[in-house]
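First up is the structure itself, then whatever we jot down about it.
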Amino acid sequence: MKYKIENLNHITVTKPLKLDCGQTIKDFPLAYETYGKLNAKKNNAVLVFHALTGDQFASGINPITKREGWWDTAIGSGKAIDTDKYFVICANVLGGCMGSFGPKEINKISNEPYGLNFPVITIKDMVKAQEALLNHFGIKKLLCALGGSMGGMQLLQFCASFPDRTFSAIPIACSSSHSAQNIALNELARQAIMADPEWSKGNYGKTDKLPKNGLAVARMAGHISYLSESGLQEKFGRKLQEKADYEFSFDADFQVESYLRHQGYSFVDRFDANSYLYITRAMDYFDLSKQYKNGLTEAFTGQKTKFLVISFSSDWLYPTKHSKDIVIALNASGANVAFAEIKTDKGHDSFLVKEPKFLTTIKSFIDSSYEVFKK
């Protein structure tokens, strides 16, 4: 990363947190950002969980990268998650690289970056750390919690671990466990990073070099999985990149090649390679049903939370079947659950772009939930 991470909003989590790997951490930073104002009754709070490459800067202009927030399409004044009405909280996950405790942080014992000495974390660890934010703001119960992709995984874990902490929940384009295909894609990304000589077995933080090529390839592989074949075909097809014919070389002849290279190499400026390893591993380890003797249904037993599960028709990374499995388990547990599949050709990333039906759906759900919750 070339950006300096300074003066970010954060809390220091002083309470010891025992991680699933067996290690215990304490006195660690958790960076966050808020949007809107918390009302006097503290009943207008919305917690947003970010996906793999996201951070706490969900809306507006990211003060570090100077780019638009990753969910600016959904969060803001008058938008689906209306910051004129709601107090929105988003934290950088444990293991992240935007101010929260992660592998690029300095180990106070060695006075060097943790690198691969950072403990292996899980989605459950991330969620347990974020509960400290609710306690920090004195919020006993959220109006709504929501997230897409890895954010949806965090949400499912949050509802299972803390069944009384949110009135409503919107898991979006996610799964209750990572499939073999998704584990394979993440392993491909990790191997690309670790094959870069500049990775230096995770110790690049001690040098002035970064595993840029490996991280860029990892991002390219991931980015392909976020799109759909029809979406790529419509946007790029076989169009050439500013040329009349093939150059018979390995430069970027096609527009889609140029696009992927741009996505990959712009990513290395804002993300840490070791964080990518740790967070993808946390996703691979996620299996909510495995945490309970009677599986996924038991995970949601006793839930009073009102759920809206959303999938996208062209999402092949987390296809609709994964969302329907969640709905079936919620129904079996007696939970209040609704389901919506949004028809779109934009693939897994549909929740991050201006998809009108999706944005209208979450707005209606949150607004109607607030009318009931605030009474």
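Residues in the structure tokens are named by chain (A, B, ... in the order shown) and by number from 1 within that chain; ligands are numbered from 1 in the order shown.
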*Within 6 Å of stretch 316-331 of chain A using only C-alpha atoms, minus same-chain residues under 4 positions, as a list in words*: Ala173, Cys174, Ser175, Leu296, Thr297, Ser311 and Ala335 of chain A
Which residues of stretch 220-306 of chain A come within 12 Å of stretch 82-94 of chain A, and for each one, what is the closest pair of atoms and their distance in Å to one decimal, counting only C-alpha atoms, sorted by chain and residue number, as CSV?
residue,atom,partner,partner_atom,distance
A:Ser275,CA,A:Leu94,CA,9.4
A:Tyr276,CA,A:Val93,CA,11.8
A:Tyr278,CA,A:Leu94,CA,9.6
A:Ile279,CA,A:Leu94,CA,8.7
A:Ala282,CA,A:Leu94,CA,10.3
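Counting only C-alpha atoms, the residue from A:Ala273, A:Val48, A:Val256, A:Ala40 that sits nearest to A:Leu133 is A:Val48.
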*Per-residue DSSP, stretch 116-151 of chain A, filtered to strand (DSSP E or B), as a PyMOL selection string*: chain A and resi 142-148
*All alpha helix (DSSP H) residues (DSSP, backbone) inside stretch 171-227 of chain A, as number ranges by chain*: A: 180-194, 212-226
